[in-house]
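For reference, coords-v8.csv is printed below; it contains CSV, C-alpha atoms.
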chain,number,residue,atom,x,y,z
A,1,MET,CA,146.7,101.8,100.8
A,2,LYS,CA,144.2,103.9,102.8
A,3,LEU,CA,144.7,107.6,102.8
A,4,ASP,CA,143.4,110.0,105.4
A,5,GLU,CA,140.5,112.1,103.9
A,6,ARG,CA,141.7,115.1,105.9
A,7,HIS,CA,145.1,114.9,104.2
A,8,LEU,CA,143.4,114.9,100.7
A,9,ILE,CA,141.5,118.0,101.7
A,10,GLN,CA,144.7,119.7,102.8
A,11,LEU,CA,146.4,118.8,99.5
A,12,ALA,CA,143.4,120.1,97.5
A,13,ALA,CA,143.6,123.4,99.4
A,14,VAL,CA,147.3,123.8,98.6
A,15,VAL,CA,146.7,123.0,94.9
A,16,GLN,CA,143.8,125.5,94.7
A,17,ALA,CA,145.8,128.3,96.4
A,18,GLY,CA,149.1,127.6,94.6
A,19,GLY,CA,151.1,127.6,97.8
A,20,VAL,CA,151.3,125.9,101.2
A,21,THR,CA,150.9,129.1,103.2
A,22,GLU,CA,147.9,130.3,101.3
A,23,GLY,CA,146.3,126.8,101.2
A,24,ALA,CA,146.7,126.3,104.9
A,25,ALA,CA,145.1,129.7,105.6
A,26,SER,CA,142.1,128.9,103.4
A,27,ILE,CA,141.2,125.9,105.7
A,28,GLY,CA,142.2,127.5,108.9
A,29,MET,CA,145.4,125.5,109.6
A,30,ALA,CA,149.0,126.4,110.3
A,31,GLN,CA,151.5,126.3,107.5
A,32,SER,CA,153.8,124.0,109.4
A,33,ALA,CA,151.0,121.4,110.0
A,34,VAL,CA,150.1,121.3,106.3
A,35,SER,CA,153.7,121.1,105.2
A,36,ARG,CA,154.2,118.1,107.5
A,37,THR,CA,151.1,116.4,106.1
A,38,LEU,CA,152.3,116.8,102.5
A,39,SER,CA,155.8,115.4,103.4
A,40,GLN,CA,154.2,112.4,105.2
A,41,MET,CA,152.0,111.7,102.2
A,42,GLU,CA,155.0,111.8,99.8
A,43,GLN,CA,156.9,109.4,102.0
A,44,ARG,CA,154.0,107.0,102.2
A,45,LEU,CA,153.3,107.1,98.5
A,46,GLY,CA,156.9,107.0,97.4
A,47,GLU,CA,156.1,109.6,94.8
A,48,PRO,CA,156.3,113.4,94.8
A,49,LEU,CA,153.1,115.4,94.9
A,50,PHE,CA,154.5,118.6,93.4
A,51,VAL,CA,157.1,119.3,90.6
A,52,LYS,CA,160.3,120.5,92.3
A,53,GLY,CA,161.4,124.1,91.9
A,54,ARG,CA,158.1,125.4,90.4
A,55,ARG,CA,156.4,128.5,91.9
A,56,PRO,CA,153.5,128.7,92.2
A,57,LEU,CA,153.4,125.1,93.2
A,58,GLN,CA,152.6,122.7,90.3
A,59,PRO,CA,151.1,119.3,91.2
A,60,THR,CA,152.5,116.1,89.6
A,61,PRO,CA,149.9,114.0,87.7
A,62,LEU,CA,149.4,111.9,90.8
A,63,GLY,CA,149.2,115.0,93.0
A,64,ARG,CA,146.6,116.5,90.7
A,65,SER,CA,144.5,113.4,90.7
A,66,LEU,CA,144.5,113.1,94.5
A,67,ALA,CA,143.8,116.8,94.8
A,68,GLU,CA,140.7,116.4,92.6
A,69,LEU,CA,139.4,113.8,95.1
A,70,GLY,CA,140.3,116.1,97.9
A,71,THR,CA,138.5,119.0,96.2
A,72,THR,CA,135.3,117.0,96.2
A,73,MET,CA,135.7,116.3,99.9
A,74,LEU,CA,136.6,120.0,100.6
A,75,LEU,CA,133.5,121.2,98.8
A,76,ALA,CA,131.3,118.7,100.6
A,77,SER,CA,132.8,119.8,104.0
A,78,ARG,CA,132.2,123.4,103.2
A,79,ARG,CA,128.7,122.7,102.0
A,80,ALA,CA,128.0,120.7,105.3
A,81,SER,CA,129.3,123.7,107.3
A,82,GLU,CA,127.0,126.0,105.4
A,83,LEU,CA,124.1,123.6,105.8
A,84,VAL,CA,124.6,123.4,109.6
A,85,ASP,CA,124.9,127.2,109.8
A,86,GLY,CA,121.8,127.7,107.6
A,87,PHE,CA,119.9,125.2,109.7
A,88,HIS,CA,120.7,127.0,113.0
A,89,LYS,CA,119.7,130.3,111.4
A,90,GLY,CA,116.5,129.0,109.8
A,91,ARG,CA,117.7,129.3,106.3
A,92,SER,CA,117.8,125.6,105.3
A,93,GLY,CA,115.9,122.5,106.3
A,94,ILE,CA,112.6,120.8,105.6
A,95,VAL,CA,109.2,122.0,106.8
A,96,ARG,CA,106.4,119.4,106.8
A,97,ILE,CA,103.0,121.0,106.9
A,98,ALA,CA,99.4,119.9,106.6
A,99,GLY,CA,96.2,121.8,106.3
A,100,THR,CA,92.6,121.9,105.1
A,101,PRO,CA,92.4,121.9,101.3
A,102,PHE,CA,90.5,125.2,100.7
A,103,PHE,CA,92.6,127.3,102.9
A,104,MET,CA,95.9,125.7,101.7
A,105,ASP,CA,95.0,126.3,98.1
A,106,ALA,CA,93.5,129.8,98.4
A,107,LEU,CA,95.8,131.5,100.9
A,108,ILE,CA,98.7,129.3,102.2
A,109,SER,CA,100.1,128.2,98.8
A,110,GLY,CA,100.9,131.9,97.9
A,111,MET,CA,102.5,132.4,101.3
A,112,ILE,CA,104.7,129.3,100.7
A,113,ALA,CA,105.8,130.8,97.4
A,114,GLU,CA,106.7,134.1,99.0
A,115,PHE,CA,108.6,132.3,101.8
A,116,GLN,CA,110.7,130.2,99.5
A,117,THR,CA,111.6,133.2,97.4
A,118,LEU,CA,113.3,134.5,100.5
A,119,ASN,CA,114.5,131.1,101.7
A,120,PRO,CA,115.3,129.0,98.6
A,121,ASP,CA,117.1,126.3,100.6
A,122,ILE,CA,114.1,125.4,102.7
A,123,ARG,CA,112.0,122.6,101.3
A,124,ILE,CA,108.2,122.5,102.0
A,125,ASP,CA,106.5,119.2,102.1
A,126,GLN,CA,102.7,119.9,102.1
A,127,SER,CA,99.8,117.5,102.6
A,128,TYR,CA,96.0,117.9,102.8
A,129,ALA,CA,94.0,116.7,105.8
A,130,TYR,CA,91.2,117.6,108.2
A,131,LEU,CA,91.5,117.9,111.9
A,132,PRO,CA,91.4,114.2,113.0
A,133,GLU,CA,94.1,113.2,110.5
A,134,ILE,CA,96.1,116.4,111.3
A,135,GLN,CA,96.1,115.6,115.0
A,136,ALA,CA,97.2,112.0,114.4
A,137,ALA,CA,100.0,113.2,112.1
A,138,LEU,CA,101.3,115.6,114.7
A,139,TYR,CA,101.3,113.0,117.5
A,140,ALA,CA,103.0,110.5,115.2
A,141,GLY,CA,105.7,113.1,114.2
A,142,ARG,CA,104.8,112.9,110.5
A,143,ILE,CA,104.3,116.7,110.2
A,144,ASP,CA,105.8,119.7,112.0
A,145,LEU,CA,103.0,122.2,111.7
A,146,ALA,CA,99.3,122.3,110.7
A,147,ILE,CA,97.3,125.3,109.4
A,148,CYS,CA,93.7,124.6,110.0
A,149,PRO,CA,90.4,125.9,111.5
A,150,ILE,CA,89.6,124.8,115.0
A,151,ASP,CA,86.6,125.3,117.3
A,152,ILE,CA,88.3,124.5,120.6
A,153,LEU,CA,91.1,122.2,121.7
A,154,ASP,CA,90.3,119.3,123.9
A,155,GLU,CA,91.0,119.9,127.6
A,156,GLY,CA,94.4,118.5,128.5
A,157,SER,CA,95.6,118.5,124.9
A,158,THR,CA,99.3,118.5,124.3
A,159,LEU,CA,98.8,120.6,121.2
A,160,THR,CA,99.2,124.4,121.0
A,161,PHE,CA,97.1,126.6,118.7
A,162,GLU,CA,97.9,130.1,117.6
A,163,GLU,CA,95.0,132.0,116.0
A,164,ILE,CA,95.9,133.8,112.7
A,165,LEU,CA,92.4,134.6,111.3
A,166,PRO,CA,89.0,134.7,113.0
A,167,GLY,CA,86.4,132.3,111.5
A,168,ARG,CA,83.7,133.7,109.3
A,169,ASN,CA,81.6,131.8,106.8
A,170,VAL,CA,79.7,133.3,103.8
A,171,VAL,CA,77.4,132.1,101.1
A,172,ALA,CA,79.4,132.2,97.9
A,173,CYS,CA,78.2,132.6,94.4
A,174,ARG,CA,79.2,134.0,91.0
A,175,THR,CA,79.4,137.8,90.7
A,176,THR,CA,76.4,137.9,88.3
A,177,HIS,CA,74.1,135.7,90.4
A,178,PRO,CA,70.4,136.7,90.3
A,179,LEU,CA,70.2,137.0,94.1
A,180,LEU,CA,72.8,139.9,94.0
A,181,MET,CA,70.2,141.9,92.0
A,182,ARG,CA,67.7,141.9,94.8
A,183,ARG,CA,67.3,145.1,96.8
A,184,LYS,CA,66.6,143.2,99.9
A,185,LEU,CA,67.6,139.6,100.0
A,186,ARG,CA,65.7,137.2,102.3
A,187,THR,CA,67.6,134.2,103.5
A,188,GLN,CA,64.7,131.9,102.6
A,189,GLU,CA,65.5,132.6,99.0
A,190,LEU,CA,68.7,130.7,99.3
A,191,LEU,CA,66.6,127.5,99.2
A,192,ASP,CA,65.5,128.3,95.6
A,193,TYR,CA,68.9,127.6,94.1
A,194,PRO,CA,71.0,124.5,93.8
A,195,TRP,CA,74.0,124.0,96.2
A,196,ILE,CA,77.5,122.7,96.1
A,197,ALA,CA,78.3,120.5,99.1
A,198,PRO,CA,81.8,120.7,100.6
A,199,PRO,CA,84.0,117.6,100.6
A,200,PRO,CA,83.4,114.9,103.2
A,201,GLY,CA,85.2,115.5,106.4
A,202,SER,CA,85.3,119.3,105.9
A,203,PRO,CA,84.0,121.3,108.8
A,204,LEU,CA,82.1,123.3,106.1
A,205,LEU,CA,79.8,120.3,105.6
A,206,ALA,CA,78.6,120.6,109.2
A,207,ASP,CA,78.2,124.3,108.7
A,208,LEU,CA,76.1,123.8,105.7
A,209,ARG,CA,73.8,121.5,107.6
A,210,SER,CA,73.5,124.1,110.4
A,211,LEU,CA,72.6,126.8,107.8
A,212,MET,CA,69.8,124.6,106.4
A,213,LEU,CA,68.4,123.9,109.8
A,214,SER,CA,68.4,127.6,110.6
A,215,LEU,CA,66.3,128.1,107.4
A,216,GLY,CA,63.9,125.4,108.5
A,217,ALA,CA,64.9,123.0,105.7
A,218,MET,CA,65.6,119.4,106.1
A,219,GLU,CA,67.4,119.1,102.8
A,220,ILE,CA,68.7,121.2,100.0
A,221,LYS,CA,69.2,120.7,96.3
A,222,VAL,CA,72.7,119.5,96.1
A,223,ARG,CA,73.8,119.4,92.5
A,224,TYR,CA,77.6,118.9,93.0
A,225,SER,CA,79.7,117.7,95.9
A,226,GLY,CA,83.2,116.8,97.0
A,227,GLY,CA,85.1,118.9,94.5
A,228,SER,CA,88.4,120.7,95.0
A,229,LEU,CA,88.5,124.5,95.5
A,230,THR,CA,89.4,124.9,91.8
A,231,SER,CA,86.5,122.8,90.6
A,232,THR,CA,84.1,124.4,93.1
A,233,ASN,CA,85.0,127.9,91.8
A,234,THR,CA,84.8,126.8,88.2
A,235,TYR,CA,81.3,125.3,88.8
A,236,LEU,CA,80.2,128.4,90.7
A,237,LYS,CA,81.3,130.7,87.8
A,238,GLY,CA,79.3,128.7,85.3
A,239,THR,CA,76.0,128.2,87.2
A,240,ASP,CA,73.6,129.8,89.7
A,241,ALA,CA,74.7,127.4,92.4
A,242,LEU,CA,75.5,128.5,95.9
A,243,THR,CA,78.0,127.1,98.4
A,244,ILE,CA,79.4,127.9,101.8
A,245,LEU,CA,83.0,129.0,102.1
A,246,PRO,CA,85.2,130.7,104.6
A,247,HIS,CA,85.2,134.5,103.9
A,248,GLY,CA,89.0,134.4,103.7
A,249,VAL,CA,88.8,132.0,100.7
A,250,VAL,CA,86.4,134.3,98.9
A,251,PHE,CA,88.6,137.2,99.7
A,252,ALA,CA,91.6,135.4,98.1
A,253,PHE,CA,89.8,135.4,94.7
A,254,ARG,CA,88.6,139.0,94.8
A,255,LYS,CA,90.9,140.2,92.0
A,256,GLU,CA,89.4,137.7,89.6
A,257,ASN,CA,86.0,139.3,90.1
A,258,ALA,CA,84.3,135.9,89.3
A,259,ILE,CA,82.9,134.9,92.7
A,260,THR,CA,81.7,136.9,95.7
A,261,ALA,CA,79.6,136.6,98.9
A,262,LEU,CA,75.9,137.2,99.3
A,263,PRO,CA,75.1,140.0,101.7
A,264,VAL,CA,73.3,137.7,104.2
A,265,LYS,CA,74.1,136.8,107.8
A,266,ILE,CA,74.4,133.0,108.3
A,267,PRO,CA,75.1,131.0,111.5
A,268,HIS,CA,78.6,129.6,111.9
A,269,PRO,CA,80.5,128.1,114.9
A,270,GLU,CA,83.1,129.9,116.8
A,271,ARG,CA,86.1,128.8,114.8
A,272,ALA,CA,89.4,130.3,113.9
A,273,LEU,CA,92.2,129.5,111.5
A,274,GLY,CA,95.5,129.0,113.1
A,275,LEU,CA,98.8,127.2,113.5
A,276,LEU,CA,98.6,123.9,115.3
A,277,ARG,CA,101.6,122.2,116.8
A,278,LEU,CA,102.7,119.5,119.2
A,279,ALA,CA,103.9,121.4,122.3
A,280,SER,CA,106.6,118.8,123.1
A,281,ALA,CA,108.0,118.5,119.6
A,282,PRO,CA,111.6,119.7,119.0
A,283,ARG,CA,111.6,123.2,117.4
A,284,SER,CA,113.3,123.4,114.0
A,285,PRO,CA,114.6,126.9,113.1
A,286,ALA,CA,113.2,126.4,109.6
A,287,VAL,CA,109.7,125.6,111.0
A,288,GLU,CA,109.9,128.6,113.3
A,289,GLU,CA,110.8,130.9,110.3
A,290,PHE,CA,107.9,129.5,108.3
A,291,ALA,CA,105.5,129.9,111.1
A,292,GLN,CA,106.5,133.5,111.7
A,293,HIS,CA,106.2,134.2,108.0
A,294,VAL,CA,102.6,132.9,107.9
A,295,SER,CA,101.7,134.7,111.1
A,296,GLY,CA,103.1,138.0,109.7
A,297,ALA,CA,101.4,137.5,106.4
A,298,PHE,CA,98.0,137.1,108.1
A,299,ARG,CA,98.7,140.2,110.3
A,300,ASN,CA,99.1,142.2,107.1
A,301,LEU,CA,95.9,140.6,105.6
A,302,ARG,CA,93.5,140.9,108.5
A,303,HIS,CA,92.5,144.5,108.0
A,304,LEU,CA,92.1,144.0,104.2
A,305,ILE,CA,89.9,141.0,104.9
A,306,ARG,CA,87.8,142.9,107.4
A,307,ARG,CA,87.5,145.8,104.9
A,308,HIS,CA,86.5,143.4,102.1
A,309,GLU,CA,83.9,141.8,104.4
A,310,ARG,CA,82.3,145.2,105.3
A,311,ALA,CA,82.2,146.2,101.6
A,312,VAL,CA,81.0,143.0,100.1
A,313,VAL,CA,79.0,141.2,102.7
A,314,TRP,CA,77.6,144.1,104.7
A,315,GLY,CA,77.6,146.8,102.0
A,316,ALA,CA,74.0,146.3,101.0
How would this structure read if it were set down as structure tokens?
Amino acid sequence: MKLDERHLIQLAAVVQAGGVTEGAASIGMAQSAVSRTLSQMEQRLGEPLFVKGRRPLQPTPLGRSLAELGTTMLLASRRASELVDGFHKGRSGIVRIAGTPFFMDALISGMIAEFQTLNPDIRIDQSYAYLPEIQAALYAGRIDLAICPIDILDEGSTLTFEEILPGRNVVACRTTHPLLMRRKLRTQELLDYPWIAPPPGSPLLADLRSLMLSLGAMEIKVRYSGGSLTSTNTYLKGTDALTILPHGVVFAFRKENAITALPVKIPHPERALGLLRLASAPRSPAVEEFAQHVSGAFRNLRHLIRRHERAVVWGA
């Protein structure tokens, strides 16, 4: 015998409420319609669903068992309604993002934590990638949003880019590095120390080569390469090595007082950190909420980052 799931939900509502009128109101139905449903169910089952003469209504063993099944369906229905409502209001859903490792670890991971504290029903699926892989993932629909540095979008690109932080590279070192003790630091002195090379594929690797060429050097003493941001920082703190990092990344670790930037001007391309998306992709409310959160967080950070740059990099 097949029972209509909607009838089980109505039975569950009546059992929960203790009365037909109250149960019907809880699911937005008329009392007469629910009474008719219960009567039809009893006729079909050949068994009563409620003990006669009891107020509030008391279900029979069969009525209680069927109501328990209906309760599961009722809760699922309500949860589905809440999920749809939350989706439309940007309070639930999945946000698939990708970004360059150093920025994701230093700045974006904290913003994700803040966002999910406010939106616990939104799941974030994050991956690491550099621009070529990011563009391929956006075109293939594998991610919704990327947070990465870009020089310039190709003409005719179907991607959109929203700048959230101007590009600025610095030479990073530990806070007790010998070069910080110099009254006047000459850029040529950078060649006297070993270097950490950024990971393959990172735009920072090309920036490091540009820096070396500006110093007239064909090669530098690379002692360590390809590490994560955590391993790079740990290595910096324990040696006199230097590396090239975005200033925003160094800023993110300012409170630890372990690494800093040397007060030297270095060449770097016109590049900005921003939100990269496929213009034609369907817009999810959850993705929009997350994008607005990241943009807002960087608006609040920009003046702090500029002040830190003036104090640390140009304070000498």
message = From the options A:Thr117, A:Ser92, A:Thr37, A:Ser127, which residue's atoms come nearest to A:Leu11, counting only C-alpha atoms?
response =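 The shortest atom-to-atom distance to A:Leu11 comes from A:Thr37.
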* When distances are computed from only C-alpha atoms, which of A:Leu165, A:Ile244, A:Leu145, A:Leu180 shows the smallest separation from A:Pro198? ->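 Using only C-alpha atoms, A:Pro198 sits closest to A:Ile244.
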* Asked: Between A:Ala311, A:Ile150, A:Ala137, A:Ile305, which is the closest to A:Gly274 once you count all atoms listed in the file?
  ->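 Looking at the shortest contact to A:Gly274, the residue is A:Ile150.
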Neighbours of point (108.7, 126.0, 105.1) within 12 Å, using all atoms listed in the file, written as a PyMOL selection string: chain A and resi 90-98+108-109+111-126+143-146+284-294
Interatomic distance between atom CA of A:Arg209 and atom CA of A:Ala106?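 For atom CA of A:Arg209 relative to atom CA of A:Ala106, the distance reads 23.3 Å.
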Review point. How far is it from atom CA of A:Gly227 to atom CA of A:Leu273, in Å with one decimal?
Key: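 Pair atom CA of A:Gly227 / atom CA of A:Leu273 returns 21.3 Å.
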Atom CA of A:Val84 sits from atom CA of A:Ala67 at a separation of 25.1 Å
Practice prompt. Compile the contact shell of A:Pro178 as a PyMOL selection string: residues with an atom at most 10 Å away, counting all atoms listed in the file, same-chain residues fewer than 4 positions apart removed.
Written response: chain A and resi 173-174+182+193+240
Which residues are close to stretch 199-202 of chain A, i.e. within 9 Å by all atoms listed in the file, leaving aside same-chain residues fewer than 6 positions away? Reply as a list in words. Thr100, Pro101, Ala129, Tyr130, Leu131, Ser225, Gly226, Gly227 and Ser228 of chain A
Q. With distances taken over only C-alpha atoms, which of A:Val264, A:Leu107, A:Leu245, A:Ala252 is nearest to A:Pro203?
A.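 Going through A:Val264, A:Leu107, A:Leu245, A:Ala252 one by one, the smallest distance to A:Pro203 is for A:Leu245.
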**Request:** With a distance cut-off of 12 Å and all atoms listed in the file, select the neighbouring residues of A:Leu278, excluding the residue or stretch itself and same-chain residues fewer than 2 positions from it, and output the selection as an NGL selection string.
**Result:** :A and (134-146 or 157-162 or 275-276 or 280-283)
message: What's around stretch 27-34 of chain A at 10 Å? Count all atoms listed in the file, leave out sequence neighbours fewer than 3 positions away in its own chain, and write the answer as a PyMOL selection string.
response: chain A and resi 7+9-11+13-14+19-24+37-40+74+78
